[in-house]
>>> print(open('upload-v1.txt').read())   # compact mmCIF, C-alpha atoms
# COMPACT_ATOMS: atom_id res chain seq x y z
CA MET L 287 0.00 0.00 0.00
CA GLY L 288 1.45 3.30 -1.08
CA PHE L 289 -0.44 6.54 -1.02
CA LYS L 290 -1.49 9.19 -3.47
CA MET L 291 -0.63 12.85 -3.00
CA GLY L 292 -2.18 15.59 -5.12
CA ILE L 293 0.07 18.53 -5.96
CA VAL L 294 -2.05 21.68 -6.08
CA GLY L 295 -1.47 25.41 -6.12
CA LEU L 296 -2.04 28.58 -8.07
CA PRO L 297 -0.61 28.71 -11.62
CA ASN L 298 3.15 29.28 -11.94
CA VAL L 299 4.15 28.35 -8.40
CA GLY L 300 6.36 25.45 -9.54
CA LYS L 301 3.96 22.49 -9.31
CA SER L 302 4.86 20.90 -12.63
CA THR L 303 8.58 21.60 -12.17
CA LEU L 304 8.40 19.80 -8.82
CA PHE L 305 6.39 16.94 -10.33
CA ASN L 306 8.93 16.52 -13.13
CA ALA L 307 11.76 16.42 -10.64
CA LEU L 308 10.05 13.98 -8.30
CA THR L 309 9.11 11.52 -11.02
CA LYS L 310 12.28 12.13 -13.06
CA THR L 311 10.18 12.67 -16.15
CA ALA L 312 9.09 15.52 -18.37
CA ALA L 313 5.57 14.14 -18.55
CA ALA L 314 4.20 17.35 -17.08
CA GLN L 315 4.87 20.34 -19.33
CA ALA L 316 6.52 23.00 -17.18
CA ALA L 317 5.88 26.34 -18.84
CA ASN L 318 5.57 29.95 -17.76
CA PHE L 319 1.85 30.37 -18.39
CA PRO L 320 -1.29 29.33 -16.51
CA PHE L 321 -2.98 25.96 -17.12
CA CYS L 322 -0.09 24.29 -18.93
CA THR L 323 -1.23 21.14 -17.12
CA ILE L 324 -4.51 20.27 -18.85
CA GLU L 325 -4.96 16.70 -17.60
CA PRO L 326 -3.78 15.52 -14.20
CA ASN L 327 -0.36 13.91 -14.65
CA VAL L 328 0.22 10.84 -12.52
CA GLY L 329 3.66 9.55 -11.63
CA GLU L 330 4.94 6.85 -9.32
CA VAL L 331 8.23 7.12 -7.48
CA ALA L 332 10.13 4.64 -5.35
CA VAL L 333 10.18 5.58 -1.68
CA PRO L 334 13.84 5.92 -0.66
CA ASP L 335 14.68 3.92 2.46
CA ALA L 336 18.30 3.19 3.33
CA ARG L 337 17.17 0.37 5.63
CA LEU L 338 15.96 -1.66 2.66
CA ASP L 339 19.37 -1.53 0.98
CA THR L 340 21.06 -2.53 4.23
CA LEU L 341 18.76 -5.54 4.65
CA ALA L 342 19.27 -6.58 1.04
CA GLU L 343 23.05 -6.44 1.44
CA ILE L 344 22.96 -8.62 4.57
CA ALA L 345 20.61 -11.18 3.00
CA GLN L 346 22.36 -10.95 -0.39
CA SER L 347 18.96 -10.47 -2.02
CA LYS L 348 18.94 -10.70 -5.81
CA SER L 349 16.39 -7.90 -6.18
CA VAL L 350 15.39 -4.88 -4.10
CA ILE L 351 11.79 -3.67 -4.34
CA PRO L 352 10.92 -0.42 -2.55
CA THR L 353 7.40 0.64 -1.76
CA ARG L 354 5.96 3.33 -4.05
CA MET L 355 4.26 6.68 -3.73
CA THR L 356 1.99 8.26 -6.33
CA PHE L 357 2.04 11.96 -7.15
CA VAL L 358 -0.78 13.61 -9.08
CA ASP L 359 0.02 16.98 -10.67
CA ILE L 360 -3.29 18.84 -10.75
CA ALA L 361 -3.76 21.97 -12.88
CA GLY L 362 -3.43 25.38 -11.24
CA LEU L 363 -6.46 26.54 -9.30
CA VAL L 364 -7.54 30.17 -9.42
CA LYS L 365 -9.99 32.30 -7.50
CA GLY L 366 -13.48 31.31 -8.64
CA ALA L 367 -12.51 27.71 -9.53
CA SER L 368 -15.48 26.40 -7.51
CA GLN L 369 -17.72 28.42 -9.84
CA GLY L 370 -15.98 27.13 -12.96
CA GLU L 371 -13.35 29.88 -13.33
CA GLY L 372 -10.08 28.90 -14.98
CA LEU L 373 -10.43 25.20 -15.68
CA GLY L 374 -13.02 24.80 -12.95
CA ASN L 375 -14.59 21.90 -11.15
CA GLN L 376 -13.00 19.10 -13.17
CA PHE L 377 -9.77 19.77 -11.27
CA LEU L 378 -11.53 19.94 -7.92
CA ALA L 379 -12.88 16.48 -8.74
CA ASN L 380 -9.31 15.20 -9.25
CA ILE L 381 -8.49 16.26 -5.69
CA ARG L 382 -11.22 14.00 -4.30
CA GLU L 383 -9.25 10.95 -5.45
CA VAL L 384 -6.05 11.65 -3.49
CA ASP L 385 -5.15 10.77 0.11
CA ALA L 386 -3.44 14.05 0.92
CA ILE L 387 -2.89 17.46 -0.62
CA ALA L 388 0.47 19.13 -1.14
CA HIS L 389 -0.13 22.87 -1.43
CA VAL L 390 2.81 24.21 -3.40
CA LEU L 391 3.32 27.84 -2.41
CA ARG L 392 5.53 30.31 -4.22
CA CYS L 393 8.15 31.53 -1.76
CA PHE L 394 10.54 33.18 -4.23
CA GLU L 395 10.87 36.44 -6.14
CA ASP L 396 11.43 36.18 -9.90
CA GLY L 397 10.41 38.91 -12.32
CA ASP L 398 10.65 36.43 -15.22
CA VAL L 399 7.97 34.14 -13.78
CA THR L 400 4.49 35.64 -13.86
CA HIS L 401 2.29 35.37 -10.75
CA VAL L 402 -1.38 35.01 -11.62
CA GLU L 403 -2.30 37.80 -9.16
CA GLY L 404 0.80 39.94 -9.67
CA ARG L 405 2.35 39.51 -6.22
CA VAL L 406 4.29 37.05 -4.05
CA ASP L 407 2.25 36.23 -0.94
CA PRO L 408 2.19 32.51 -0.03
CA ILE L 409 -0.28 33.01 2.82
CA ALA L 410 -2.79 34.69 0.51
CA ASP L 411 -2.19 31.95 -2.08
CA ALA L 412 -2.93 29.26 0.52
CA GLU L 413 -6.09 31.08 1.58
CA THR L 414 -7.24 31.37 -2.04
CA ILE L 415 -6.93 27.63 -2.58
CA GLU L 416 -8.49 26.73 0.76
CA THR L 417 -11.42 29.07 0.08
CA GLU L 418 -12.12 27.44 -3.29
CA LEU L 419 -12.03 23.97 -1.73
CA MET L 420 -14.37 25.13 1.05
CA LEU L 421 -16.82 26.71 -1.41
CA SER L 422 -16.83 23.51 -3.44
CA ASP L 423 -17.55 21.47 -0.30
CA ILE L 424 -20.42 23.78 0.70
CA GLU L 425 -21.99 23.44 -2.74
CA SER L 426 -21.56 19.65 -2.66
CA ILE L 427 -23.06 19.35 0.86
CA GLU L 428 -26.08 21.50 0.06
CA ARG L 429 -26.80 19.40 -3.03
CA ARG L 430 -26.41 16.13 -1.13
CA LEU L 431 -28.62 17.26 1.74
CA GLN L 432 -31.42 17.92 -0.72
CA ASN L 433 -30.99 14.47 -2.28
CA LEU L 434 -31.00 12.79 1.15
CA SER L 435 -34.18 14.42 2.47
CA ARG L 436 -36.58 11.75 1.22
CA LYS L 437 -34.50 8.86 2.63
CA VAL L 438 -34.16 10.66 5.96
CA ARG L 439 -37.93 11.10 6.21
CA GLY L 440 -38.25 7.37 5.50
CA GLY L 441 -36.01 6.57 8.48
CA ASP L 442 -33.04 5.21 6.49
CA LYS L 443 -30.30 4.86 9.17
CA GLU L 444 -27.43 5.39 6.74
CA ALA L 445 -29.07 8.51 5.33
CA VAL L 446 -29.72 9.87 8.85
CA GLN L 447 -26.03 9.39 9.70
CA GLN L 448 -24.92 11.06 6.46
CA GLU L 449 -27.25 14.00 7.05
CA ARG L 450 -25.92 14.52 10.58
CA LEU L 451 -22.29 14.44 9.43
CA LEU L 452 -22.95 16.69 6.45
CA LYS L 453 -24.66 19.25 8.69
CA GLU L 454 -21.72 19.18 11.11
CA ALA L 455 -19.34 19.79 8.20
CA LEU L 456 -21.53 22.56 6.78
CA ALA L 457 -21.60 24.36 10.11
CA VAL L 458 -17.80 24.63 10.33
CA LEU L 459 -17.44 25.49 6.64
CA GLU L 460 -19.95 28.34 6.96
CA ASP L 461 -17.88 29.51 9.93
CA GLY L 462 -14.90 29.82 7.58
CA LYS L 463 -13.09 26.66 8.71
CA PRO L 464 -12.20 23.49 6.75
CA ALA L 465 -14.14 20.27 7.43
CA ARG L 466 -10.99 18.61 8.82
CA VAL L 467 -11.53 20.47 12.13
CA VAL L 468 -14.69 18.42 12.83
CA ASP L 469 -14.14 15.99 15.71
CA VAL L 470 -15.37 12.66 14.32
CA ASP L 471 -16.18 9.67 16.57
CA ALA L 472 -14.71 6.27 15.74
CA GLU L 473 -18.15 4.90 14.87
CA ASP L 474 -18.60 7.67 12.28
CA ALA L 475 -15.08 7.47 10.81
CA LYS L 476 -15.93 5.23 7.86
CA ALA L 477 -19.06 7.20 6.90
CA TRP L 478 -17.13 10.47 7.28
CA LYS L 479 -14.42 9.28 4.92
CA MET L 480 -17.06 8.20 2.39
CA LEU L 481 -18.28 11.81 2.17
CA GLN L 482 -15.05 12.61 0.26
CA LEU L 483 -15.05 16.27 1.23
CA LEU L 484 -12.10 18.20 -0.19
CA THR L 485 -11.30 20.03 3.04
CA THR L 486 -11.00 16.80 5.06
CA LYS L 487 -7.80 15.93 3.19
CA PRO L 488 -4.61 16.27 5.28
CA ILE L 489 -2.52 19.26 4.16
CA LEU L 490 1.21 19.48 3.52
CA TYR L 491 2.45 22.94 2.60
CA VAL L 492 5.39 22.82 0.19
CA CYS L 493 7.39 26.05 0.25
CA ASN L 494 9.03 26.41 -3.16
CA VAL L 495 12.03 28.67 -2.48
CA ASP L 496 14.92 29.99 -4.59
CA GLU L 497 18.13 27.95 -4.73
CA GLY L 498 19.90 30.13 -2.19
CA SER L 499 17.17 29.54 0.40
CA ALA L 500 16.90 25.75 -0.01
CA ALA L 501 18.88 24.93 3.14
CA GLU L 502 17.46 27.44 5.63
CA GLY L 503 14.30 28.78 3.99
CA ASN L 504 13.47 32.51 3.79
CA ALA L 505 11.04 35.10 5.14
CA PHE L 506 8.22 33.74 2.95
CA SER L 507 8.67 30.13 4.10
CA ALA L 508 8.94 31.28 7.73
CA LYS L 509 5.44 32.75 7.45
CA VAL L 510 4.16 29.49 5.97
CA ALA L 511 5.76 27.53 8.85
CA GLU L 512 3.93 29.77 11.32
CA MET L 513 0.62 29.29 9.48
CA ALA L 514 1.10 25.50 9.32
CA ALA L 515 1.83 25.33 13.06
CA GLU L 516 -1.35 27.28 13.84
CA GLN L 517 -3.38 24.86 11.70
CA GLY L 518 -1.69 21.70 12.94
CA ALA L 519 -0.56 21.07 9.34
CA ALA L 520 2.85 19.99 8.04
CA HIS L 521 5.28 21.94 5.85
CA VAL L 522 8.53 21.33 3.98
CA VAL L 523 10.95 23.71 2.30
CA ILE L 524 12.03 22.66 -1.21
CA SER L 525 13.61 24.33 -4.21
CA ALA L 526 11.85 22.81 -7.21
CA GLN L 527 14.67 24.14 -9.39
CA ILE L 528 17.28 22.26 -7.37
CA GLU L 529 15.16 19.09 -7.35
CA GLU L 530 14.87 19.29 -11.13
CA GLU L 531 18.66 19.58 -11.46
CA ILE L 532 19.23 16.65 -9.06
CA SER L 533 16.84 14.48 -11.06
CA GLN L 534 19.17 14.69 -14.05
CA LEU L 535 22.23 13.45 -12.10
CA ASP L 536 23.42 10.00 -11.11
CA ALA L 537 23.61 9.08 -7.41
CA GLU L 538 27.25 10.13 -6.92
CA GLU L 539 26.81 13.44 -8.74
CA ALA L 540 23.60 14.14 -6.84
CA ALA L 541 25.33 13.56 -3.49
CA MET L 542 28.13 15.98 -4.44
CA PHE L 543 25.63 18.57 -5.65
CA LEU L 544 23.60 18.35 -2.42
CA GLU L 545 26.77 18.77 -0.36
CA GLU L 546 27.75 21.86 -2.36
CA MET L 547 24.29 23.32 -1.74
CA GLY L 548 24.52 22.62 1.99
CA LEU L 549 21.67 20.10 1.89
CA ALA L 550 21.70 16.86 3.89
CA GLU L 551 19.20 15.12 1.60
CA ALA L 552 17.06 15.60 -1.49
CA GLY L 553 13.70 17.31 -1.20
CA LEU L 554 11.96 14.10 -2.29
CA ASP L 555 13.12 12.39 0.91
CA ARG L 556 11.81 15.21 3.08
CA LEU L 557 8.53 15.34 1.16
CA ILE L 558 7.91 11.60 1.50
CA ARG L 559 8.82 11.56 5.19
CA ALA L 560 6.44 14.46 5.81
CA GLY L 561 3.77 12.64 3.82
CA TYR L 562 4.26 9.46 5.85
CA GLU L 563 3.91 11.37 9.10
CA LEU L 564 0.87 13.24 7.75
CA LEU L 565 -0.97 10.02 6.88
CA HIS L 566 0.39 8.00 9.84
CA LEU L 567 2.14 5.46 7.62
CA GLU L 568 5.04 3.15 8.36
CA THR L 569 7.09 0.44 6.63
CA TYR L 570 7.77 -3.23 7.28
CA PHE L 571 10.08 -5.52 5.30
CA THR L 572 10.19 -9.03 3.87
CA VAL L 573 13.73 -10.24 3.26
CA GLY L 574 15.22 -13.30 1.60
CA PRO L 575 17.78 -14.44 -1.00
CA LYS L 576 15.31 -13.84 -3.84
CA GLU L 577 14.23 -10.32 -2.86
CA ALA L 578 14.18 -7.67 -0.17
CA ARG L 579 10.94 -5.72 -0.24
CA ALA L 580 9.35 -2.80 1.60
CA TRP L 581 5.61 -2.62 2.35
CA THR L 582 3.63 0.41 3.53
CA ILE L 583 0.93 0.11 6.19
CA LYS L 584 -1.02 2.45 8.46
CA THR L 585 0.43 2.91 11.94
CA GLY L 586 -1.39 0.55 14.29
CA THR L 587 -2.00 -2.18 11.70
CA MET L 588 -2.37 -5.69 13.13
CA ALA L 589 -0.30 -8.58 11.76
CA PRO L 590 -3.10 -10.25 9.70
CA GLN L 591 -3.95 -6.97 7.96
CA ALA L 592 -0.26 -6.29 7.33
CA ALA L 593 -0.05 -9.73 5.71
CA GLY L 594 -3.08 -8.83 3.60
CA VAL L 595 -1.12 -6.00 1.99
CA ILE L 596 0.96 -8.71 0.30
CA HIS L 597 -2.01 -10.90 -0.63
CA GLY L 598 -5.58 -11.29 0.60
CA ASP L 599 -5.04 -15.02 1.18
CA PHE L 600 -2.29 -14.21 3.68
CA GLU L 601 -4.79 -12.32 5.82
CA LYS L 602 -7.59 -14.91 5.49
CA GLY L 603 -5.39 -17.87 6.41
CA PHE L 604 -3.09 -16.04 8.84
CA ILE L 605 -1.48 -18.32 11.45
CA ARG L 606 1.37 -16.25 12.85
CA ALA L 607 4.13 -13.80 11.95
CA GLU L 608 7.80 -14.50 12.57
CA THR L 609 9.18 -11.11 13.56
CA ILE L 610 12.65 -9.65 13.86
CA ALA L 611 13.21 -5.98 14.71
CA TYR L 612 15.27 -4.15 12.09
CA GLU L 613 17.99 -3.24 14.59
CA ASP L 614 18.38 -6.88 15.67
CA PHE L 615 18.47 -8.16 12.07
CA VAL L 616 21.26 -5.69 11.22
CA SER L 617 23.32 -5.88 14.41
CA LEU L 618 23.28 -9.69 14.48
CA GLY L 619 23.90 -10.12 10.76
CA GLY L 620 20.73 -11.64 9.38
CA GLU L 621 17.78 -13.94 10.02
CA GLN L 622 19.60 -17.07 11.21
CA PRO L 623 21.92 -15.29 13.70
CA ALA L 624 18.90 -13.32 15.01
CA LYS L 625 16.97 -16.57 15.42
CA GLU L 626 19.89 -18.23 17.26
CA ALA L 627 20.14 -15.21 19.56
CA GLY L 628 16.45 -15.53 20.45
CA LYS L 629 15.52 -12.31 18.68
CA MET L 630 12.96 -13.90 16.32
CA ARG L 631 9.50 -13.79 17.88
CA ALA L 632 6.33 -15.66 16.94
CA GLU L 633 3.48 -13.15 16.98
CA GLY L 634 -0.24 -13.88 16.65
CA LYS L 635 -3.30 -12.06 15.34
CA GLY L 636 -3.20 -9.46 18.11
CA TYR L 637 0.31 -8.21 17.27
CA THR L 638 0.62 -4.60 16.14
CA VAL L 639 3.30 -4.35 13.45
CA LYS L 640 6.03 -1.81 14.19
CA ASP L 641 7.96 0.37 11.76
CA GLY L 642 11.04 -1.50 10.53
CA ASP L 643 9.84 -5.00 11.45
CA VAL L 644 11.27 -7.78 9.29
CA LEU L 645 8.39 -10.24 8.89
CA HIS L 646 7.73 -13.72 7.58
CA PHE L 647 4.09 -14.81 7.52
CA LEU L 648 2.76 -18.33 7.98
CA PHE L 649 -0.74 -18.98 6.71
CA ASN L 650 -3.20 -21.72 5.68
CA THR L 651 -4.12 -21.96 2.01
>>> encode(input="upload-v1.txt", output="structure tokens")
Amino acid sequence: MGFKMGIVGLPNVGKSTLFNALTKTAAAQAANFPFCTIEPNVGEVAVPDARLDTLAEIAQSKSVIPTRMTFVDIAGLVKGASQGEGLGNQFLANIREVDAIAHVLRCFEDGDVTHVEGRVDPIADAETIETELMLSDIESIERRLQNLSRKVRGGDKEAVQQERLLKEALAVLEDGKPARVVDVDAEDAKAWKMLQLLTTKPILYVCNVDEGSAAEGNAFSAKVAEMAAEQGAAHVVISAQIEEEISQLDAEEAAMFLEEMGLAEAGLDRLIRAGYELLHLETYFTVGPKEARAWTIKTGTMAPQAAGVIHGDFEKGFIRAETIAYEDFVSLGGEQPAKEAGKMRAEGKGYTVKDGDVLHFLFNT
């Protein structure tokens, strides 16, 4: 299980440049004019994880298969998008299909790159996008409430639940707040998710800065960091221009380039880590002579459900999971030494998988 992140923002903030860099492709046309992205571009990237390479080296695995993350480059939104301005609601619909939203905000001055509203103000840009998503949600809720009225009068339990949740969302939206601030009970969580409201999506603010500000950020990104903290959202500082340059280099050249720029790691790594934290994701591994592979699960996933990520039959016929902590696997030099040292555990259906676990599942066919 990977996850899908939608890259959104006003036109000319660097969305497509970032997408191209992240997916190492020119599939998205990066050009200095609004709406150069007509259809949502979708790209998959391998999630970098040094632990996987270490495990593969110890086990002498023939192949290494990382988990993957999907990026969706969605066309630039403008004020009035919820009413069909610019390229309108078709792009808002694309956002419904993603797990999280990366708001790319322009945090750089450049007279050669036109800003759709003629100024550089990332906070105002974020508010413009959030407002359009909120207006779209309000319109959607009002329409759905009308359609539900007959079923509610008939006593349909599912419809009654939907109506209650929609009204709770509408109340906060009309108060100028996104639907994600609604406190949802566990029993309502599934129905709430099914509403697919745009403003329930977790937000990651991506501050696109100039090359010179990539390491420390700048005054613009500092304001975004403050805004994100107030909202309980996440933020990362990235130079899309630098990421694009790195994407054209081999691993050794990229490492040298990052060092010259004073950067400890590529922006992709920071973006994925922030995305994992945002969606409460973690990784477990399966390791053997044939392959070493990473698998993504939600934090708190039980062993049978973790097995089901590999194949549904693993979950249905789950017997137990043989588990070695990553640190033990590495420090002891592999599966057999870990087993001999008593560090391999047999865990049952009630075991909660931990980040970095090296697992082998036993199941009935």
>>> axis_aligned_box(input="upload-v1.txt", around="stretch 611-629 of chain L", padding_each_side="4 Å", output="AutoDock Vina command-line options")
--center_x 18.6 --center_y -10.7 --center_z 14.9 --size_x 18.7 --size_y 23.0 --size_z 19.1
>>> closest_residue(input="upload-v1.txt", among="L:Asn494, L:Ser499, L:Thr486, L:Ser617", to="L:Pro408", atoms="only C-alpha atoms")
L:Asn494
>>> residues_around(input="upload-v1.txt", residues="L:Ile532", least_positions_apart="2", cutoff="12 Å", atoms="only C-alpha atoms", output="ChimeraX atom specification")
/L:304,306-310,525-530,534-545,547,549,551-554
>>> atom_distance(input="upload-v1.txt", atom1="atom CA of L:Val495", atom2="atom CA of L:Cys393")
4.9 Å
>>> closest_residue(input="upload-v1.txt", among="L:Leu296, L:Ala445, L:Ile381, L:Ala624", to="L:Ile489", atoms="all atoms listed in the file")
L:Ile381
>>> residues_around(input="upload-v1.txt", residues="L:Glu621", least_positions_apart="2", cutoff="12 Å", atoms="all atoms listed in the file", output="ChimeraX atom specification")
/L:341-342,344-346,572-575,608-619,623-631,644-646
>>> atom_distance(input="upload-v1.txt", atom1="atom CA of L:Pro488", atom2="atom CA of L:Arg466")
7.7 Å
>>> closest_residue(input="upload-v1.txt", among="L:Phe604, L:Glu425, L:Glu577, L:Val328", to="L:Glu460", atoms="only C-alpha atoms")
L:Glu425
>>> closest_residue(input="upload-v1.txt", among="L:Gly498, L:Arg450, L:Glu416, L:Ala515", to="L:Gly462", atoms="all atoms listed in the file")
L:Glu416
>>> residues_near_point(input="upload-v1.txt", point="(-6.2, 13.9, -1.3)", cutoff="12 Å", atoms="only C-alpha atoms", output="ChimeraX atom specification")
/L:289-294,356-360,378-389,419,479,482-490,561,564-565
>>> write_last_selection(input="upload-v1.txt", atoms="C-alpha atoms", output="compact mmCIF listing (two decimals), in the frame of the given file")
# COMPACT_ATOMS: atom_id res chain seq x y z
CA PHE L 289 -0.44 6.54 -1.02
CA LYS L 290 -1.49 9.19 -3.47
CA MET L 291 -0.63 12.85 -3.00
CA GLY L 292 -2.18 15.59 -5.12
CA ILE L 293 0.07 18.53 -5.96
CA VAL L 294 -2.05 21.68 -6.08
CA THR L 356 1.99 8.26 -6.33
CA PHE L 357 2.04 11.96 -7.15
CA VAL L 358 -0.78 13.61 -9.08
CA ASP L 359 0.02 16.98 -10.67
CA ILE L 360 -3.29 18.84 -10.75
CA LEU L 378 -11.53 19.94 -7.92
CA ALA L 379 -12.88 16.48 -8.74
CA ASN L 380 -9.31 15.20 -9.25
CA ILE L 381 -8.49 16.26 -5.69
CA ARG L 382 -11.22 14.00 -4.30
CA GLU L 383 -9.25 10.95 -5.45
CA VAL L 384 -6.05 11.65 -3.49
CA ASP L 385 -5.15 10.77 0.11
CA ALA L 386 -3.44 14.05 0.92
CA ILE L 387 -2.89 17.46 -0.62
CA ALA L 388 0.47 19.13 -1.14
CA HIS L 389 -0.13 22.87 -1.43
CA LEU L 419 -12.03 23.97 -1.73
CA LYS L 479 -14.42 9.28 4.92
CA GLN L 482 -15.05 12.61 0.26
CA LEU L 483 -15.05 16.27 1.23
CA LEU L 484 -12.10 18.20 -0.19
CA THR L 485 -11.30 20.03 3.04
CA THR L 486 -11.00 16.80 5.06
CA LYS L 487 -7.80 15.93 3.19
CA PRO L 488 -4.61 16.27 5.28
CA ILE L 489 -2.52 19.26 4.16
CA LEU L 490 1.21 19.48 3.52
CA GLY L 561 3.77 12.64 3.82
CA LEU L 564 0.87 13.24 7.75
CA LEU L 565 -0.97 10.02 6.88
>>> atom_distance(input="upload-v1.txt", atom1="atom CA of L:Lys584", atom2="atom CA of L:Glu568")
6.1 Å
>>> closest_residue(input="upload-v1.txt", among="L:Glu444, L:Asp411, L:Asp474, L:Glu497", to="L:Asp396", atoms="only C-alpha atoms")
L:Glu497
>>> residues_around(input="upload-v1.txt", residues="L:Lys443", least_positions_apart="6", cutoff="12 Å", atoms="only C-alpha atoms", output="list in words")
Leu434, Lys437, Glu449, Arg450 and Ala477 of chain L
>>> closest_residue(input="upload-v1.txt", among="L:Glu516, L:Glu454, L:Glu546, L:Glu531", to="L:Ala501", atoms="all atoms listed in the file")
L:Glu546
>>> residues_around(input="upload-v1.txt", residues="L:Ala332", least_positions_apart="2", cutoff="8 Å", atoms="all atoms listed in the file", output="list of chain:residue names")
L:Glu330, L:Pro334, L:Pro352, L:Thr353, L:Arg354, L:Met355
